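Visitor: Structure incoming, see below.
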Amino acid sequence: LETQLRLADRMTSMGTLAASVAHEINNPLSSVCANLSYLGEQLSGDTFSPELLPELREVLVETEEGASRVRSIVQDLKSFARGDEEHQGPIDVHRVIESSLRLVRNELQRYNAQLERVLEPVPPVLGNASRLGQVLVNLLVNAMQAFPEARSENNRIRVITRMEAPRRVVVEVEDNGKGMSQEVIERIFDPFFTTKPVGVGTGLGLAICHTIVQSMGGEIDVRSMPGRGTTFMLVLMSTEEEDTGERESDEPSLAEQS
Ligand code: ADP
Ligand code: MG
């Protein structure tokens, strides 16, 4: 029953995402189409006059903006939409963290971000490694984009793993960037909510993270203070029945018997 509920959950959140993506792509695309047919008419021989050129250029610029907005959205969705990533199994969280950090290594350098790892040993969690990697990369990119100054000496990102309860594995991505107000926090998981300029943000990152974490049976939460920084917290479910401490013992524990 639990699995069924989870699957249902996942369908709704994917459905919500798909519906708003369709909507959000439709708007710029409709204006691209309308502009192109307008340009076509204006340029079709007999009615064309050179005085029209400045206006046509404006329409062209607007058309390019619409098209590049659609392209950003599609790029954000591309990695998410690969179909081969639904398999769920035990995954090694530390390996996924290291491969995500490798992916953003150049970015970290570009922002001059000091990276700190506080990695407590944790048992394998249930999920899909490449999906979890997408989540971490999204969180790391957001952390870097939150630094008020790109090359400041103070830019710091901390990645933490720890156990919260026997089966709850916590992964945190913490930054000392600009933080968020309560109004922003309330909307960050909404698809297409962004405070970033067009071309930098689509507002899809955290909506995708949320969908992925939910599909892994986990949770995602945030703590943030304006001017101080932000911590995103993932709670993932360990695939082991008991915590590692109890596993190492040869004596069957009370907990294992019940
Ligand atoms: P995008 O990055 O494209 O704007 P996201 O869904 O990744 O979309 O994030 C939504 C919004 O949440 C961002 O525009 C930003 O306002 C806020 N946000 C996310 N992560 C952070 C962070 N680490 N620090 C400050 N603000 C953040
Ligand atoms: Mg983002």
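Residue numbering restarts at 1 in every chain; chains get A, B, ... in the order shown in the structure tokens, and ligands count up from 1 in that same order.
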Can you pull out the residues contacting stretch 15-29 of chain A? Cut-off 10 Å, using only C-alpha atoms, and skip same-chain residues under 2 positions away; I want them as a count of residues only.
Guide: 30
Visitor: Please extract the residues at most 6 Å from ligand 2, counting only C-alpha atoms and all ligand atoms, and provide them as a ChimeraX atom specification, using the chain letters and residue numbers of this document.
Guide: /A:138,142,205
Visitor: Dump C-alpha atoms for the selected residues as a PDB file, in the first residue's frame?
Guide:
```
ATOM      1  CA  ASN A 138      20.810  21.978  -8.631  1.00  0.00           C
ATOM      2  CA  ASN A 142      21.730  27.690  -6.491  1.00  0.00           C
ATOM      3  CA  GLY A 205      15.431  23.618 -10.458  1.00  0.00           C
TER       4      GLY A 205
END
```
Visitor: Please give me, as a short mmCIF file (atom, residue, chain, number, x, y, z; two decimals) with N, CA and C atoms, in the first residue's frame, the residues lying within 7 Å of ligand 1 when counting only C-alpha atoms and all ligand atoms.
Guide:
```
data_model
loop_
_atom_site.label_atom_id
_atom_site.label_comp_id
_atom_site.auth_asym_id
_atom_site.auth_seq_id
_atom_site.Cartn_x
_atom_site.Cartn_y
_atom_site.Cartn_z
N ASN A 138 21.73 20.84 -8.71
CA ASN A 138 20.81 21.98 -8.63
C ASN A 138 21.04 22.79 -7.36
N LEU A 139 21.17 22.09 -6.23
CA LEU A 139 21.36 22.79 -4.96
C LEU A 139 22.70 23.53 -4.93
N ASN A 142 22.48 26.65 -7.19
CA ASN A 142 21.73 27.69 -6.49
C ASN A 142 22.58 28.34 -5.41
N ALA A 143 23.33 27.53 -4.68
CA ALA A 143 24.16 28.07 -3.60
C ALA A 143 25.16 29.08 -4.16
N ALA A 146 23.74 32.35 -5.22
CA ALA A 146 23.25 33.17 -4.11
C ALA A 146 24.35 34.06 -3.52
N ASP A 175 25.00 27.27 2.35
CA ASP A 175 25.80 28.37 1.81
C ASP A 175 25.70 29.57 2.72
N GLY A 177 25.37 32.61 1.42
CA GLY A 177 24.97 33.61 0.43
C GLY A 177 23.91 34.55 0.96
N LYS A 178 23.15 35.13 0.04
CA LYS A 178 22.25 36.23 0.44
C LYS A 178 21.01 35.79 1.20
N GLY A 179 20.73 34.48 1.24
CA GLY A 179 19.57 34.03 2.00
C GLY A 179 18.25 34.39 1.32
N MET A 180 17.15 34.09 2.01
CA MET A 180 15.82 34.31 1.42
C MET A 180 14.86 34.88 2.46
N VAL A 184 9.81 34.57 -0.20
CA VAL A 184 10.50 33.78 -1.23
C VAL A 184 10.47 32.30 -0.84
N ILE A 188 9.53 28.80 -3.30
CA ILE A 188 10.69 28.27 -4.04
C ILE A 188 10.44 26.94 -4.75
N PHE A 189 9.53 26.11 -4.23
CA PHE A 189 9.30 24.81 -4.89
C PHE A 189 8.26 24.90 -5.99
N PRO A 191 6.94 25.42 -9.60
CA PRO A 191 7.58 25.47 -10.92
C PRO A 191 7.54 26.90 -11.46
N PHE A 192 8.67 27.37 -11.99
CA PHE A 192 8.80 28.68 -12.63
C PHE A 192 8.85 29.85 -11.67
N PHE A 193 8.90 29.58 -10.37
CA PHE A 193 9.16 30.71 -9.47
C PHE A 193 10.66 30.98 -9.47
N THR A 194 11.04 32.19 -9.85
CA THR A 194 12.45 32.55 -9.84
C THR A 194 12.60 34.02 -9.47
N THR A 195 13.72 34.36 -8.82
CA THR A 195 14.03 35.76 -8.56
C THR A 195 15.20 36.19 -9.43
N LYS A 196 15.61 35.29 -10.35
CA LYS A 196 16.78 35.57 -11.18
C LYS A 196 16.37 36.14 -12.53
N VAL A 200 19.21 33.47 -16.68
CA VAL A 200 19.91 32.85 -15.56
C VAL A 200 19.01 31.82 -14.89
N GLY A 201 17.78 32.21 -14.61
CA GLY A 201 16.88 31.30 -13.90
C GLY A 201 15.62 30.98 -14.67
N THR A 202 15.19 29.73 -14.56
CA THR A 202 13.89 29.35 -15.11
C THR A 202 12.90 29.07 -13.99
N GLY A 203 13.40 28.87 -12.78
CA GLY A 203 12.51 28.52 -11.67
C GLY A 203 12.10 27.06 -11.68
N LEU A 204 12.82 26.24 -12.48
CA LEU A 204 12.47 24.81 -12.53
C LEU A 204 13.30 23.94 -11.59
N GLY A 205 14.48 24.44 -11.21
CA GLY A 205 15.43 23.62 -10.46
C GLY A 205 14.84 22.96 -9.22
N LEU A 206 14.29 23.76 -8.33
CA LEU A 206 13.80 23.21 -7.07
C LEU A 206 12.51 22.42 -7.24
N ALA A 207 11.71 22.78 -8.24
CA ALA A 207 10.50 21.99 -8.52
C ALA A 207 10.91 20.59 -8.94
N GLY A 229 22.47 33.28 4.92
CA GLY A 229 22.71 32.08 4.13
C GLY A 229 21.53 31.13 4.16
N THR A 230 21.75 30.01 3.50
CA THR A 230 20.66 29.06 3.29
C THR A 230 21.17 27.64 3.47
N THR A 231 20.36 26.79 4.06
CA THR A 231 20.66 25.37 4.13
C THR A 231 19.51 24.57 3.55
#
```
Visitor: Do you know which residues are at most 8 Å from stretch 39-44 of chain A counting only C-alpha atoms, after dropping those on the same chain fewer than 3 positions away, and could you put them as a list in words?
Guide: Asn35, Leu36, Thr47, Phe48, Leu56 and Val59 of chain A
Visitor: Just the strand (DSSP E) stuff from stretch 145-223 of chain A, please, per backbone DSSP, written as a tab-separated table (two decimals) with N, CA and C atoms, in the first residue's frame.
Guide:
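selection39.tsv was written with the following content:
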```
chain	number	residue	atom	x	y	z
A	156	ARG	N	31.37	30.51	0.92
A	156	ARG	CA	31.57	29.17	1.47
A	156	ARG	C	30.36	28.28	1.23
A	157	ILE	N	30.64	27.03	0.86
A	157	ILE	CA	29.60	26.01	0.72
A	157	ILE	C	30.01	24.81	1.56
A	158	ARG	N	29.07	24.30	2.31
A	158	ARG	CA	29.37	23.13	3.14
A	158	ARG	C	28.41	22.01	2.75
A	159	VAL	N	28.96	20.82	2.55
A	159	VAL	CA	28.13	19.65	2.27
A	159	VAL	C	28.23	18.72	3.47
A	160	ILE	N	27.10	18.34	4.01
A	160	ILE	CA	27.06	17.58	5.26
A	160	ILE	C	26.28	16.29	5.05
A	161	THR	N	26.77	15.19	5.63
A	161	THR	CA	25.91	14.00	5.74
A	161	THR	C	25.87	13.58	7.20
A	162	ARG	N	24.73	13.12	7.62
A	162	ARG	CA	24.60	12.60	8.99
A	162	ARG	C	23.34	11.76	9.09
A	163	MET	N	23.27	10.98	10.17
A	163	MET	CA	22.06	10.19	10.44
A	163	MET	C	21.17	11.01	11.35
A	164	GLU	N	19.87	11.00	11.07
A	164	GLU	CA	18.96	11.74	11.93
A	164	GLU	C	18.22	10.79	12.86
A	165	ALA	N	17.87	9.63	12.31
A	165	ALA	CA	17.24	8.56	13.06
A	165	ALA	C	17.75	7.30	12.38
A	168	ARG	N	16.92	7.37	8.75
A	168	ARG	CA	16.85	8.65	8.05
A	168	ARG	C	18.24	9.24	7.83
A	169	VAL	N	18.64	9.27	6.55
A	169	VAL	CA	19.95	9.80	6.19
A	169	VAL	C	19.77	11.25	5.73
A	170	VAL	N	20.52	12.15	6.36
A	170	VAL	CA	20.38	13.57	6.02
A	170	VAL	C	21.57	14.04	5.19
A	171	VAL	N	21.26	14.76	4.11
A	171	VAL	CA	22.30	15.42	3.32
A	171	VAL	C	21.97	16.90	3.30
A	172	GLU	N	22.93	17.73	3.67
A	172	GLU	CA	22.68	19.17	3.67
A	172	GLU	C	23.65	19.90	2.75
A	173	VAL	N	23.12	20.91	2.06
A	173	VAL	CA	23.96	21.81	1.28
A	173	VAL	C	23.74	23.20	1.86
A	174	GLU	N	24.82	23.74	2.41
A	174	GLU	CA	24.71	24.99	3.17
A	174	GLU	C	25.55	26.06	2.49
A	175	ASP	N	25.00	27.27	2.35
A	175	ASP	CA	25.80	28.37	1.81
A	175	ASP	C	25.70	29.57	2.72
A	219	GLU	N	12.45	13.54	1.71
A	219	GLU	CA	11.90	14.88	1.98
A	219	GLU	C	12.96	15.92	1.66
A	220	ILE	N	12.49	17.12	1.31
A	220	ILE	CA	13.42	18.23	1.12
A	220	ILE	C	12.88	19.42	1.90
A	221	ASP	N	13.80	20.08	2.60
A	221	ASP	CA	13.37	21.20	3.44
A	221	ASP	C	14.45	22.28	3.38
A	222	VAL	N	14.10	23.47	3.86
A	222	VAL	CA	15.05	24.57	3.77
A	222	VAL	C	15.00	25.43	5.03
A	223	ARG	N	16.17	25.93	5.41
A	223	ARG	CA	16.26	26.95	6.44
A	223	ARG	C	17.04	28.10	5.82
```
Visitor: Running DSSP on the backbone, which parts of stretch 1-226 of chain A land in alpha helix (DSSP H), as a ChimeraX atom specification?
Guide: /A:2-42,53-81,93-103,105-110,129-145,182-185,205-215
Visitor: Excluding stretch 124-137 of chain A and residues on its chain fewer than 3 positions from it, collect all residues at most 9 Å away from it, counting only C-alpha atoms, and give them as an MDAnalysis selection string.
Guide: chainID A and resid 79:80 85:93 95:97 99:101 103:104 140:142 167:169 173 205:206 208:210 212:213 215:218 236:240
Visitor: Take the selection from the previous step and output its residues with N, CA and C atoms, as a compact mmCIF listing (two decimals), in the first residue's frame.
Guide:
```txt
# COMPACT_ATOMS: atom_id res chain seq x y z
N SER A 79 17.67 16.87 -18.86
CA SER A 79 18.32 15.87 -18.01
C SER A 79 17.27 15.14 -17.19
N PHE A 80 16.23 15.86 -16.82
CA PHE A 80 15.18 15.28 -15.99
C PHE A 80 14.36 14.25 -16.77
N GLU A 85 16.07 6.44 -15.96
CA GLU A 85 16.52 6.73 -14.61
C GLU A 85 15.48 6.48 -13.54
N GLU A 86 14.55 5.60 -13.85
CA GLU A 86 13.51 5.33 -12.87
C GLU A 86 13.89 4.20 -11.91
N HIS A 87 14.95 3.46 -12.27
CA HIS A 87 15.31 2.33 -11.41
C HIS A 87 15.73 2.81 -10.02
N GLN A 88 15.13 2.24 -8.99
CA GLN A 88 15.48 2.61 -7.63
C GLN A 88 16.22 1.46 -6.96
N GLY A 89 17.34 1.76 -6.35
CA GLY A 89 18.09 0.74 -5.63
C GLY A 89 18.90 1.39 -4.54
N PRO A 90 19.70 0.57 -3.82
CA PRO A 90 20.54 1.16 -2.77
C PRO A 90 21.63 2.00 -3.43
N ILE A 91 21.80 3.23 -3.00
CA ILE A 91 22.87 4.05 -3.57
C ILE A 91 23.79 4.61 -2.49
N ASP A 92 25.05 4.78 -2.91
CA ASP A 92 26.10 5.26 -2.02
C ASP A 92 26.09 6.79 -2.08
N VAL A 93 25.60 7.41 -1.01
CA VAL A 93 25.42 8.86 -0.99
C VAL A 93 26.74 9.61 -1.19
N ARG A 95 29.41 8.71 -2.77
CA ARG A 95 29.86 8.67 -4.18
C ARG A 95 29.10 9.65 -5.03
N VAL A 96 27.78 9.74 -4.80
CA VAL A 96 26.97 10.68 -5.58
C VAL A 96 27.40 12.11 -5.27
N ILE A 97 27.70 12.39 -4.00
CA ILE A 97 28.16 13.74 -3.63
C ILE A 97 29.45 14.07 -4.38
N SER A 99 30.64 12.82 -7.16
CA SER A 99 30.51 13.00 -8.61
C SER A 99 29.77 14.30 -8.93
N SER A 100 28.85 14.72 -8.06
CA SER A 100 28.18 16.02 -8.27
C SER A 100 29.18 17.16 -8.10
N LEU A 101 30.05 17.04 -7.09
CA LEU A 101 31.05 18.09 -6.86
C LEU A 101 32.01 18.19 -8.04
N LEU A 103 31.21 17.61 -11.11
CA LEU A 103 30.48 18.29 -12.19
C LEU A 103 30.49 19.81 -12.05
N VAL A 104 30.50 20.30 -10.81
CA VAL A 104 30.44 21.76 -10.62
C VAL A 104 31.81 22.34 -10.24
N LEU A 140 23.74 22.90 -5.49
CA LEU A 140 25.06 23.53 -5.49
C LEU A 140 25.07 24.77 -6.39
N VAL A 141 24.42 24.66 -7.56
CA VAL A 141 24.38 25.81 -8.47
C VAL A 141 23.60 26.96 -7.82
N ASN A 142 22.48 26.65 -7.19
CA ASN A 142 21.73 27.69 -6.49
C ASN A 142 22.58 28.34 -5.41
N ARG A 167 16.86 5.14 10.31
CA ARG A 167 16.74 4.95 8.86
C ARG A 167 16.75 6.25 8.07
N ARG A 168 16.92 7.37 8.75
CA ARG A 168 16.85 8.65 8.05
C ARG A 168 18.24 9.24 7.83
N VAL A 169 18.64 9.27 6.55
CA VAL A 169 19.95 9.80 6.19
C VAL A 169 19.77 11.25 5.73
N VAL A 173 23.12 20.91 2.06
CA VAL A 173 23.96 21.81 1.28
C VAL A 173 23.74 23.20 1.86
N GLY A 205 14.48 24.44 -11.21
CA GLY A 205 15.43 23.62 -10.46
C GLY A 205 14.84 22.96 -9.22
N LEU A 206 14.29 23.76 -8.33
CA LEU A 206 13.80 23.21 -7.07
C LEU A 206 12.51 22.42 -7.24
N ILE A 208 11.96 20.50 -9.76
CA ILE A 208 12.48 19.19 -10.18
C ILE A 208 13.08 18.45 -8.99
N CYS A 209 13.87 19.16 -8.17
CA CYS A 209 14.44 18.53 -6.95
C CYS A 209 13.33 17.94 -6.09
N HIS A 210 12.29 18.71 -5.90
CA HIS A 210 11.19 18.28 -5.05
C HIS A 210 10.55 17.00 -5.60
N ILE A 212 11.91 14.79 -7.61
CA ILE A 212 12.84 13.66 -7.52
C ILE A 212 12.91 13.11 -6.10
N VAL A 213 13.05 14.01 -5.13
CA VAL A 213 13.18 13.56 -3.74
C VAL A 213 11.91 12.83 -3.30
N SER A 215 9.97 11.16 -5.26
CA SER A 215 9.93 9.85 -5.93
C SER A 215 10.86 8.86 -5.23
N MET A 216 11.84 9.37 -4.46
CA MET A 216 12.72 8.49 -3.70
C MET A 216 12.18 8.21 -2.31
N GLY A 217 11.00 8.69 -2.03
CA GLY A 217 10.41 8.50 -0.71
C GLY A 217 11.05 9.38 0.36
N GLY A 218 11.74 10.43 -0.08
CA GLY A 218 12.43 11.30 0.86
C GLY A 218 11.74 12.64 1.05
N LEU A 236 16.76 11.21 3.31
CA LEU A 236 16.61 10.05 2.42
C LEU A 236 16.46 8.81 3.27
N MET A 237 15.80 7.79 2.71
CA MET A 237 15.53 6.59 3.49
C MET A 237 16.62 5.54 3.28
N SER A 238 17.25 5.14 4.37
CA SER A 238 18.25 4.08 4.30
C SER A 238 17.57 2.78 3.89
N THR A 239 18.31 1.94 3.11
CA THR A 239 17.75 0.66 2.70
C THR A 239 17.97 -0.40 3.77
N GLU A 240 18.76 -0.06 4.79
CA GLU A 240 19.04 -1.03 5.84
C GLU A 240 18.00 -0.93 6.95
```
Visitor: Which is closer to A:Glu149 than all the others in A:Ser30, A:Gln182, A:Ser224, A:Asn112, using only C-alpha atoms?
Guide: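 The shortest atom-to-atom distance to A:Glu149 comes from A:Asn112.
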